[in-house]
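J.: My structure file data.pdb, PDB, C-alpha atoms, is below:
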MODEL        1
ATOM      1  CA  MET A  31     -32.646 126.155  44.307
ATOM      2  CA  SER A  32     -31.353 123.431  46.619
ATOM      3  CA  GLU A  33     -28.181 123.903  48.619
ATOM      4  CA  PRO A  34     -26.204 121.308  46.637
ATOM      5  CA  ALA A  35     -27.029 123.111  43.417
ATOM      6  CA  VAL A  36     -25.883 126.415  44.904
ATOM      7  CA  LEU A  37     -22.548 124.915  45.933
ATOM      8  CA  ALA A  38     -22.021 123.237  42.594
ATOM      9  CA  GLY A  39     -22.756 126.482  40.810
ATOM     10  CA  ARG A  40     -20.209 128.309  42.932
ATOM     11  CA  TRP A  41     -17.531 125.802  41.942
ATOM     12  CA  ARG A  42     -18.297 126.131  38.246
ATOM     13  CA  ALA A  43     -18.250 129.921  38.454
ATOM     14  CA  ARG A  44     -14.572 130.021  39.477
ATOM     15  CA  PRO A  45     -12.306 129.177  36.552
ATOM     16  CA  PHE A  46      -9.010 127.348  36.873
ATOM     17  CA  ALA A  47      -5.650 128.662  35.696
ATOM     18  CA  ARG A  48      -6.862 132.261  35.926
ATOM     19  CA  SER A  49      -3.405 133.552  34.942
ATOM     20  CA  TRP A  50      -0.584 132.229  32.801
ATOM     21  CA  PRO A  51       1.571 131.220  35.818
ATOM     22  CA  ALA A  52      -1.355 129.152  37.116
ATOM     23  CA  ALA A  53      -1.625 127.434  33.731
ATOM     24  CA  ILE A  54       2.013 126.268  33.745
ATOM     25  CA  PRO A  55       1.575 123.203  36.021
ATOM     26  CA  TRP A  56      -1.435 122.052  33.991
ATOM     27  CA  LEU A  57       0.543 122.405  30.771
ATOM     28  CA  VAL A  58       3.447 120.495  32.310
ATOM     29  CA  LEU A  59       1.171 117.658  33.428
ATOM     30  CA  ALA A  60      -0.484 117.563  30.017
ATOM     31  CA  ALA A  61       2.932 117.441  28.322
ATOM     32  CA  LEU A  62       4.144 114.607  30.564
ATOM     33  CA  ALA A  63       0.931 112.667  29.983
ATOM     34  CA  LEU A  64       1.313 113.187  26.234
ATOM     35  CA  VAL A  65       4.901 111.932  26.374
ATOM     36  CA  ALA A  66       3.812 108.854  28.329
ATOM     37  CA  VAL A  67       1.015 108.048  25.868
ATOM     38  CA  ALA A  68       2.391 109.134  22.497
ATOM     39  CA  GLY A  69       6.119 109.458  23.119
ATOM     40  CA  PRO A  70       6.997 105.871  22.178
ATOM     41  CA  LEU A  71       5.329 106.481  18.802
ATOM     42  CA  LEU A  72       7.638 109.424  18.133
ATOM     43  CA  VAL A  73      10.925 107.974  19.377
ATOM     44  CA  THR A  74      12.123 105.161  17.152
ATOM     45  CA  ALA A  75      15.133 104.092  19.219
ATOM     46  CA  ASP A  76      14.870 100.934  21.304
ATOM     47  CA  PRO A  77      15.243 101.888  24.996
ATOM     48  CA  ILE A  78      16.532  98.459  26.056
ATOM     49  CA  ARG A  79      18.830  97.647  23.142
ATOM     50  CA  GLN A  80      22.452  97.569  24.280
ATOM     51  CA  THR A  81      25.275  98.658  21.989
ATOM     52  CA  ASN A  82      29.020  99.211  22.231
ATOM     53  CA  GLN A  83      28.520 102.997  21.937
ATOM     54  CA  THR A  84      28.611 103.633  25.670
ATOM     55  CA  LEU A  85      28.431 107.005  27.420
ATOM     56  CA  LEU A  86      28.111 109.036  24.240
ATOM     57  CA  PRO A  87      27.716 112.756  25.081
ATOM     58  CA  ILE A  88      24.672 114.931  24.515
ATOM     59  CA  GLY A  89      24.266 115.983  20.900
ATOM     60  CA  THR A  90      25.760 112.859  19.353
ATOM     61  CA  PRO A  91      24.202 112.281  15.902
ATOM     62  CA  GLY A  92      21.439 109.715  16.269
ATOM     63  CA  HIS A  93      21.502 110.041  20.073
ATOM     64  CA  LEU A  94      20.241 113.496  21.027
ATOM     65  CA  LEU A  95      20.807 112.974  24.764
ATOM     66  CA  GLY A  96      23.664 110.523  24.364
ATOM     67  CA  THR A  97      23.764 106.954  25.651
ATOM     68  CA  ASP A  98      24.160 105.314  29.045
ATOM     69  CA  ASP A  99      26.849 102.935  30.286
ATOM     70  CA  LEU A 100      25.291 100.053  28.338
ATOM     71  CA  GLY A 101      24.983 101.982  25.095
ATOM     72  CA  ARG A 102      21.209 102.472  25.376
ATOM     73  CA  ASP A 103      19.680 105.650  23.949
ATOM     74  CA  GLU A 104      19.046 108.057  26.838
ATOM     75  CA  LEU A 105      16.232 109.988  25.162
ATOM     76  CA  ALA A 106      14.338 106.794  24.405
ATOM     77  CA  ARG A 107      14.743 105.614  27.986
ATOM     78  CA  LEU A 108      13.472 108.904  29.379
ATOM     79  CA  VAL A 109      10.445 108.860  27.081
ATOM     80  CA  TYR A 110       9.596 105.220  27.690
ATOM     81  CA  GLY A 111      10.256 105.638  31.422
ATOM     82  CA  ALA A 112       7.441 108.148  31.792
ATOM     83  CA  ARG A 113       4.680 105.607  31.169
ATOM     84  CA  PRO A 114       5.456 103.126  34.003
ATOM     85  CA  LEU A 115       5.915 105.871  36.579
ATOM     86  CA  LEU A 116       2.777 107.791  35.627
ATOM     87  CA  SER A 117       0.736 104.602  35.366
ATOM     88  CA  VAL A 118       1.686 103.483  38.864
ATOM     89  CA  ALA A 119       1.140 106.983  40.281
ATOM     90  CA  PHE A 120      -2.288 107.408  38.668
ATOM     91  CA  LEU A 121      -3.536 103.925  39.572
ATOM     92  CA  ALA A 122      -2.278 104.168  43.156
ATOM     93  CA  THR A 123      -3.843 107.596  43.590
ATOM     94  CA  ALA A 124      -7.140 106.349  42.164
ATOM     95  CA  LEU A 125      -7.107 103.421  44.610
ATOM     96  CA  ALA A 126      -6.316 105.755  47.513
ATOM     97  CA  ALA A 127      -9.103 108.130  46.456
ATOM     98  CA  VAL A 128     -11.714 105.363  46.307
ATOM     99  CA  LEU A 129     -10.710 103.808  49.616
ATOM    100  CA  GLY A 130     -10.123 107.057  51.487
ATOM    101  CA  THR A 131     -13.209 108.862  50.247
ATOM    102  CA  GLY A 132     -15.416 105.835  50.857
ATOM    103  CA  VAL A 133     -14.226 105.275  54.416
ATOM    104  CA  GLY A 134     -14.310 108.968  55.316
ATOM    105  CA  LEU A 135     -17.731 109.466  53.784
ATOM    106  CA  VAL A 136     -19.247 106.632  55.791
ATOM    107  CA  ALA A 137     -17.574 107.771  59.011
ATOM    108  CA  GLY A 138     -18.631 111.400  58.643
ATOM    109  CA  PHE A 139     -22.207 110.569  57.738
ATOM    110  CA  ALA A 140     -22.711 107.877  60.399
ATOM    111  CA  GLY A 141     -21.180 109.835  63.290
ATOM    112  CA  GLY A 142     -21.259 108.579  66.850
ATOM    113  CA  ARG A 143     -19.703 105.249  67.768
ATOM    114  CA  THR A 144     -19.352 104.118  64.153
ATOM    115  CA  GLU A 145     -17.314 107.198  63.327
ATOM    116  CA  GLY A 146     -15.183 106.729  66.429
ATOM    117  CA  VAL A 147     -14.329 103.113  65.604
ATOM    118  CA  ILE A 148     -13.525 103.843  61.960
ATOM    119  CA  MET A 149     -11.398 106.868  62.739
ATOM    120  CA  ARG A 150      -9.378 105.016  65.363
ATOM    121  CA  PHE A 151      -8.231 102.629  62.651
ATOM    122  CA  VAL A 152      -7.517 105.581  60.385
ATOM    123  CA  ASP A 153      -5.512 107.315  63.116
ATOM    124  CA  PHE A 154      -3.496 104.144  63.693
ATOM    125  CA  ALA A 155      -2.752 103.921  59.965
ATOM    126  CA  LEU A 156      -1.690 107.568  59.898
ATOM    127  CA  ALA A 157       0.619 107.039  62.885
ATOM    128  CA  PHE A 158       2.446 104.278  60.999
ATOM    129  CA  PRO A 159       5.051 105.685  58.566
ATOM    130  CA  SER A 160       3.501 105.289  55.136
ATOM    131  CA  ILE A 161       6.773 104.821  53.274
ATOM    132  CA  LEU A 162       7.724 102.015  55.664
ATOM    133  CA  LEU A 163       4.350 100.356  55.058
ATOM    134  CA  VAL A 164       4.883 100.593  51.306
ATOM    135  CA  ILE A 165       8.368  99.052  51.549
ATOM    136  CA  LEU A 166       7.124  96.219  53.786
ATOM    137  CA  VAL A 167       4.194  95.363  51.504
ATOM    138  CA  VAL A 168       6.264  95.459  48.310
ATOM    139  CA  ALA A 169       9.097  93.489  49.909
ATOM    140  CA  ALA A 170       6.639  90.842  51.128
ATOM    141  CA  ALA A 171       4.585  90.610  47.916
ATOM    142  CA  GLY A 172       7.541  91.026  45.591
ATOM    143  CA  PRO A 173       8.317  93.824  43.139
ATOM    144  CA  GLY A 174       5.747  94.413  40.440
ATOM    145  CA  THR A 175       3.120  96.843  39.271
ATOM    146  CA  VAL A 176       0.235  95.241  41.179
ATOM    147  CA  SER A 177       2.011  95.143  44.536
ATOM    148  CA  LEU A 178       3.399  98.636  43.975
ATOM    149  CA  VAL A 179      -0.005 100.144  43.171
ATOM    150  CA  THR A 180      -1.677  98.327  46.059
ATOM    151  CA  ALA A 181       0.945  99.294  48.615
ATOM    152  CA  ILE A 182       1.059 102.958  47.635
ATOM    153  CA  GLY A 183      -2.726 103.247  47.322
ATOM    154  CA  VAL A 184      -3.418 101.690  50.708
ATOM    155  CA  SER A 185      -0.732 103.785  52.422
ATOM    156  CA  LEU A 186      -2.131 107.069  51.051
ATOM    157  CA  ALA A 187      -5.807 106.291  51.689
ATOM    158  CA  PRO A 188      -5.890 107.238  55.415
ATOM    159  CA  GLY A 189      -4.933 110.852  54.738
ATOM    160  CA  LEU A 190      -7.756 111.202  52.231
ATOM    161  CA  ALA A 191     -10.119 109.412  54.614
ATOM    162  CA  ARG A 192      -9.456 111.982  57.339
ATOM    163  CA  LEU A 193     -10.275 114.865  55.018
ATOM    164  CA  ALA A 194     -13.366 113.116  53.637
ATOM    165  CA  ARG A 195     -14.626 112.449  57.163
ATOM    166  CA  ALA A 196     -14.294 116.107  58.157
ATOM    167  CA  LEU A 197     -16.022 117.340  55.013
ATOM    168  CA  SER A 198     -18.833 114.790  55.086
ATOM    169  CA  ALA A 199     -19.484 115.394  58.803
ATOM    170  CA  ARG A 200     -19.897 119.107  58.018
ATOM    171  CA  GLU A 201     -22.288 118.396  55.162
ATOM    172  CA  ALA A 202     -24.243 115.813  57.178
ATOM    173  CA  ALA A 203     -25.321 118.558  59.575
ATOM    174  CA  ARG A 204     -26.734 120.796  56.831
ATOM    175  CA  ASP A 205     -30.441 121.265  56.256
ATOM    176  CA  TYR A 206     -30.608 119.497  52.890
ATOM    177  CA  VAL A 207     -29.194 116.285  54.398
ATOM    178  CA  VAL A 208     -31.495 116.495  57.419
ATOM    179  CA  ALA A 209     -34.457 116.996  55.076
ATOM    180  CA  ALA A 210     -33.395 113.984  53.012
ATOM    181  CA  LYS A 211     -33.210 111.851  56.155
ATOM    182  CA  LEU A 212     -36.633 112.983  57.305
ATOM    183  CA  GLY A 213     -37.990 112.240  53.851
ATOM    184  CA  GLY A 214     -36.977 108.609  54.196
ATOM    185  CA  THR A 215     -34.117 108.649  51.698
ATOM    186  CA  ARG A 216     -31.753 105.738  52.235
ATOM    187  CA  ALA A 217     -28.320 106.477  53.650
ATOM    188  CA  PRO A 218     -26.342 105.228  50.614
ATOM    189  CA  ARG A 219     -28.364 107.474  48.310
ATOM    190  CA  ILE A 220     -27.859 110.489  50.587
ATOM    191  CA  MET A 221     -24.110 109.914  50.690
ATOM    192  CA  MET A 222     -23.729 109.375  46.950
ATOM    193  CA  ARG A 223     -26.265 111.878  45.599
ATOM    194  CA  GLU A 224     -26.231 114.632  48.211
ATOM    195  CA  ILE A 225     -22.992 114.674  50.202
ATOM    196  CA  LEU A 226     -20.394 113.362  47.751
ATOM    197  CA  PRO A 227     -21.013 116.031  45.061
ATOM    198  CA  ASN A 228     -20.537 118.744  47.689
ATOM    199  CA  ILE A 229     -17.245 117.429  49.031
ATOM    200  CA  GLY A 230     -15.958 116.519  45.581
ATOM    201  CA  GLY A 231     -14.157 119.812  45.010
ATOM    202  CA  PRO A 232     -11.854 119.790  48.045
ATOM    203  CA  MET A 233     -11.355 116.047  47.683
ATOM    204  CA  LEU A 234     -10.359 116.359  44.032
ATOM    205  CA  ALA A 235      -7.810 119.051  44.874
ATOM    206  CA  GLN A 236      -6.294 116.841  47.568
ATOM    207  CA  VAL A 237      -6.234 113.855  45.237
ATOM    208  CA  VAL A 238      -4.212 115.810  42.680
ATOM    209  CA  MET A 239      -1.706 116.725  45.394
ATOM    210  CA  THR A 240      -1.647 113.098  46.523
ATOM    211  CA  LEU A 241      -0.612 112.190  42.987
ATOM    212  CA  SER A 242       2.723 113.888  43.629
ATOM    213  CA  VAL A 243       3.311 111.735  46.716
ATOM    214  CA  ALA A 244       2.422 108.587  44.784
ATOM    215  CA  ALA A 245       4.854 109.532  42.013
ATOM    216  CA  GLY A 246       7.592 110.182  44.574
ATOM    217  CA  TYR A 247       6.975 106.826  46.254
ATOM    218  CA  ALA A 248       7.000 104.997  42.910
ATOM    219  CA  ALA A 249      10.271 106.615  41.854
ATOM    220  CA  GLY A 250      11.819 106.067  45.278
ATOM    221  CA  LEU A 251      10.932 102.377  45.336
ATOM    222  CA  SER A 252      12.332 101.936  41.843
ATOM    223  CA  TYR A 253      15.534 103.583  43.068
ATOM    224  CA  LEU A 254      15.673 101.017  45.868
ATOM    225  CA  GLY A 255      15.058  98.167  43.428
ATOM    226  CA  LEU A 256      11.522  97.464  44.712
ATOM    227  CA  GLY A 257       9.605  99.197  41.948
ATOM    228  CA  ILE A 258       9.414  98.689  38.202
ATOM    229  CA  GLN A 259      11.994  96.074  37.363
ATOM    230  CA  PRO A 260      14.631  96.322  34.624
ATOM    231  CA  PRO A 261      14.970  96.155  31.699
ATOM    232  CA  THR A 262      11.785  98.272  31.655
ATOM    233  CA  PRO A 263      12.915 101.938  31.672
ATOM    234  CA  ASP A 264      11.921 103.826  34.799
ATOM    235  CA  TRP A 265      13.062 107.223  36.021
ATOM    236  CA  GLY A 266      13.729 106.036  39.568
ATOM    237  CA  TYR A 267      15.830 103.087  38.492
ATOM    238  CA  MET A 268      17.662 105.283  35.957
ATOM    239  CA  VAL A 269      18.810 107.532  38.809
ATOM    240  CA  GLN A 270      20.076 104.516  40.753
ATOM    241  CA  ALA A 271      21.851 103.033  37.730
ATOM    242  CA  GLY A 272      23.440 106.341  36.746
ATOM    243  CA  GLN A 273      24.752 107.437  40.122
ATOM    244  CA  GLU A 274      27.972 105.503  39.505
ATOM    245  CA  PHE A 275      28.675 107.993  36.702
ATOM    246  CA  LEU A 276      27.533 111.098  38.554
ATOM    247  CA  PHE A 277      30.794 112.953  37.950
ATOM    248  CA  THR A 278      31.666 111.605  34.506
ATOM    249  CA  ALA A 279      28.145 111.633  32.982
ATOM    250  CA  PRO A 280      25.876 113.572  35.384
ATOM    251  CA  ARG A 281      23.050 113.691  32.828
ATOM    252  CA  LEU A 282      22.314 110.022  33.604
ATOM    253  CA  VAL A 283      21.193 111.126  37.067
ATOM    254  CA  VAL A 284      20.173 114.739  36.545
ATOM    255  CA  LEU A 285      17.710 114.202  33.676
ATOM    256  CA  PRO A 286      15.476 111.495  35.224
ATOM    257  CA  ALA A 287      15.695 113.130  38.655
ATOM    258  CA  ALA A 288      14.720 116.509  37.183
ATOM    259  CA  LEU A 289      11.743 115.024  35.341
ATOM    260  CA  THR A 290      10.536 113.353  38.539
ATOM    261  CA  LEU A 291      10.911 116.629  40.420
ATOM    262  CA  VAL A 292       9.015 118.511  37.712
ATOM    263  CA  LEU A 293       6.166 115.988  37.930
ATOM    264  CA  VAL A 294       5.936 116.258  41.723
ATOM    265  CA  VAL A 295       6.059 120.072  41.762
ATOM    266  CA  ALA A 296       3.536 120.372  38.926
ATOM    267  CA  CYS A 297       1.074 118.135  40.784
ATOM    268  CA  ASN A 298       1.359 120.268  43.907
ATOM    269  CA  PHE A 299       0.821 123.550  42.073
ATOM    270  CA  ALA A 300      -2.029 122.088  40.037
ATOM    271  CA  GLY A 301      -3.647 120.901  43.256
ATOM    272  CA  ASP A 302      -3.323 124.374  44.751
ATOM    273  CA  ASP A 303      -4.942 125.923  41.688
ATOM    274  CA  LEU A 304      -7.712 123.331  41.740
ATOM    275  CA  ARG A 305      -8.330 123.989  45.436
ATOM    276  CA  ASP A 306      -8.589 127.727  44.838
ATOM    277  CA  GLY A 307     -11.101 127.118  42.060
ATOM    278  CA  LEU A 308     -13.283 124.582  43.855
ATOM    279  CA  VAL A 309     -13.180 125.485  47.521
TER     280      VAL A 309
ENDMDL
END
Here is a file; write its structure as structure tokens.
T.:
Amino acid sequence: MSEPAVLAGRWRARPFARSWPAAIPWLVLAALALVAVAGPLLVTADPIRQTNQTLLPIGTPGHLLGTDDLGRDELARLVYGARPLLSVAFLATALAAVLGTGVGLVAGFAGGRTEGVIMRFVDFALAFPSILLVILVVAAAGPGTVSLVTAIGVSLAPGLARLARALSAREAARDYVVAAKLGGTRAPRIMMREILPNIGGPMLAQVVMTLSVAAGYAAGLSYLGLGIQPPTPDWGYMVQAGQEFLFTAPRLVVLPAALTLVLVVACNFAGDDLRDGLV
């Protein structure tokens, strides 16, 4: 059996969520994803419709979580606000994974001067504060989903590139890669068919953890007014809009902030569990 097959078999032999506490973050992520996809089908209230029933308390008939300062149903806004945040976080993380893994894979496999040049650019990108880069890009390009996804994805790619470079450099020195080189296999095929499957486990675990950072950035930019624009419901903007009523109606801040925190923490714990199962 080849070395890649041995490694892949080892990953499959270690199950995820081996105890009920380890299953909690996966269940939370699944529930949030379900809310983002199917929630609007279950909640009939219009999240952007304004009424004169402002700041109704929790438990009001017809408004389970009350209303905000513009009379909009809070439950509907929380449910509808999940989709924009998760969409931006997932797309940005996917972009970061593609860019970071690709750059790191090439650098680790090539080695020598090519690796040195590539990693100097990566080091420079890592030295620049990522949140500042995101703010500058979004401010220059203008608020919107495309600029938000691009800015967050590009800012998170260098961290993934550094990990991919270390892992691919380790695999490039193994016998199965050396044998493939001696056999005349082209470099792109070696990287995609031999090395990538064997660094996929650690990379996937890091990508899941990166999802939490992307979600935090998306919510933070919305709080600053640079993310998803109103009237589209968004958890980050809901925190910013509700802070004026922090003492009179704290739920307007606490509920969206708590959901964002739950998403970030669940991603981190899920990444830890995935790392334990794949590494």
J.: Env of Ser198 in chain A: 9 Å cut, atoms = only C-alpha atoms, seq-sep filter 5 positions within chain, self excluded. Answer as a count of residues only.
T.: 13
J.: Quick one: residues within 12 Å of (17.0, 110.8, 19.4) (file frame), counting all atoms listed in the file, please, as a JSON list (two decimals) with C-alpha atoms, in the coordinates of the input.
T.:
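Output file result_16.json follows:
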[["chain", "number", "residue", "atom", "x", "y", "z"],
["A", 69, "GLY", "CA", 6.12, 109.46, 23.12],
["A", 70, "PRO", "CA", 7.00, 105.87, 22.18],
["A", 72, "LEU", "CA", 7.64, 109.42, 18.13],
["A", 73, "VAL", "CA", 10.92, 107.97, 19.38],
["A", 74, "THR", "CA", 12.12, 105.16, 17.15],
["A", 75, "ALA", "CA", 15.13, 104.09, 19.22],
["A", 76, "ASP", "CA", 14.87, 100.93, 21.30],
["A", 77, "PRO", "CA", 15.24, 101.89, 25.00],
["A", 88, "ILE", "CA", 24.67, 114.93, 24.52],
["A", 89, "GLY", "CA", 24.27, 115.98, 20.90],
["A", 90, "THR", "CA", 25.76, 112.86, 19.35],
["A", 91, "PRO", "CA", 24.20, 112.28, 15.90],
["A", 92, "GLY", "CA", 21.44, 109.72, 16.27],
["A", 93, "HIS", "CA", 21.50, 110.04, 20.07],
["A", 94, "LEU", "CA", 20.24, 113.50, 21.03],
["A", 95, "LEU", "CA", 20.81, 112.97, 24.76],
["A", 96, "GLY", "CA", 23.66, 110.52, 24.36],
["A", 97, "THR", "CA", 23.76, 106.95, 25.65],
["A", 102, "ARG", "CA", 21.21, 102.47, 25.38],
["A", 103, "ASP", "CA", 19.68, 105.65, 23.95],
["A", 104, "GLU", "CA", 19.05, 108.06, 26.84],
["A", 105, "LEU", "CA", 16.23, 109.99, 25.16],
["A", 106, "ALA", "CA", 14.34, 106.79, 24.40],
["A", 107, "ARG", "CA", 14.74, 105.61, 27.99],
["A", 108, "LEU", "CA", 13.47, 108.90, 29.38],
["A", 109, "VAL", "CA", 10.44, 108.86, 27.08]]
J.: Report the residues retrieved by the PyMOL selection byres ((chain A and resi 187) around 7) from the displayed file, expressed as a VMD selection string.
T.: chain A and resid 126 to 127 129 to 130 183 to 186 188 to 191
J.: As a check of understanding, name the residues that the PyMOL selection byres ((chain A and resi 244) around 9) selects in the supplied structure, as a PyMOL selection string.
T.: chain A and resi 118-120+122-123+179+182-183+186+240-243+245-249+294
J.: Please indicate the distance in Å from CA of Thr290 in chain A to CA of Leu115 in chain A, rounded to one decimal place.
T.: 9.0 Å
J.: Translate the PyMOL selection byres ((chain A and resi 169-172) around 12) into a concrete residue list for this structure, as a list in words.
T.: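 Checking the PyMOL selection byres ((chain A and resi 169-172) around 12) against this file, the residues are Leu162, Leu163, Val164, Ile165, Leu166, Val167, Val168, Pro173, Gly174, Thr175, Val176, Ser177, Leu178, Val179, Thr180, Ala181, Leu251, Leu254, Gly255, Leu256, Gly257, Ile258 and Gln259 of chain A.
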J.: Could you check how far CA of Val147 in chain A sits from CA of Arg195 in chain A, in Å to one decimal?
T.: 12.6 Å
J.: Where's the centre, and what are the edge lengths in Å to one decimal, of a box along x, y and z enclosing all listed atoms of range 246-250 of chain A padded 4 Å per side, as JSON?
T.:
{"center_x": 9.4, "center_y": 107.6, "center_z": 44.1, "size_x": 12.8, "size_y": 13.2, "size_z": 12.4}
J.: When you draw a straight line from CA of Gly272 in chain A to CA of Ile161 in chain A, how long is it in Å?
T.: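 Interatomic distance here is 23.5 Å.
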J.: I need the residue nearest Arg113 in chain A from this list: A:Leu86, A:Ala210, A:Leu64, A:Ala157. Use only C-alpha atoms for the distance.
T.: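 Using only C-alpha atoms, Arg113 in chain A sits closest to A:Leu64.
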J.: Would you kindly return, as a PDB file with C-alpha atoms, keeping the file's coordinate frame, each protein, DNA or RNA residue with an atom no farther than 8 Å from any atom of Gln80 in chain A, considering only C-alpha atoms and excluding same-chain residues fewer than 2 positions away?
T.:
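Written output follows (part.pdb):
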ATOM      1  CA  ILE A  78      16.532  98.459  26.056  1.00  0.00           C
ATOM      2  CA  ASN A  82      29.020  99.211  22.231  1.00  0.00           C
ATOM      3  CA  LEU A 100      25.291 100.053  28.338  1.00  0.00           C
ATOM      4  CA  GLY A 101      24.983 101.982  25.095  1.00  0.00           C
ATOM      5  CA  ARG A 102      21.209 102.472  25.376  1.00  0.00           C
TER       6      ARG A 102
END
J.: Using all atoms listed in the file, which of the listed residues (A:Leu282, A:Met239, A:Leu291, A:Leu57) sits closest to Pro87 in chain A?
T.: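 The shortest atom-to-atom distance to Pro87 in chain A comes from A:Leu282.
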J.: Measuring atom to atom with all atoms listed in the file, identify which of A:Gly301, A:Gly307, A:Pro280, A:Pro260 is nearest to Gly111 in chain A.
T.: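 Ranked by minimum distance to Gly111 in chain A, first place goes to A:Pro260.
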J.: For Gly141 in chain A, which residue out of A:Ala202, A:Gly231, A:Asp99, A:Ala124 is the nearest one, using all atoms listed in the file?
T.: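 Closest to Gly141 in chain A of all the choices is A:Ala202.
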J.: Within 9 Å of Trp56 in chain A, counting all atoms listed in the file, which residues show up once you throw out same-chain ones fewer than 5 positions away? Write them as JSON, numbers by chain, please.
T.: {"A": [47, 61, 296, 297, 299, 300]}
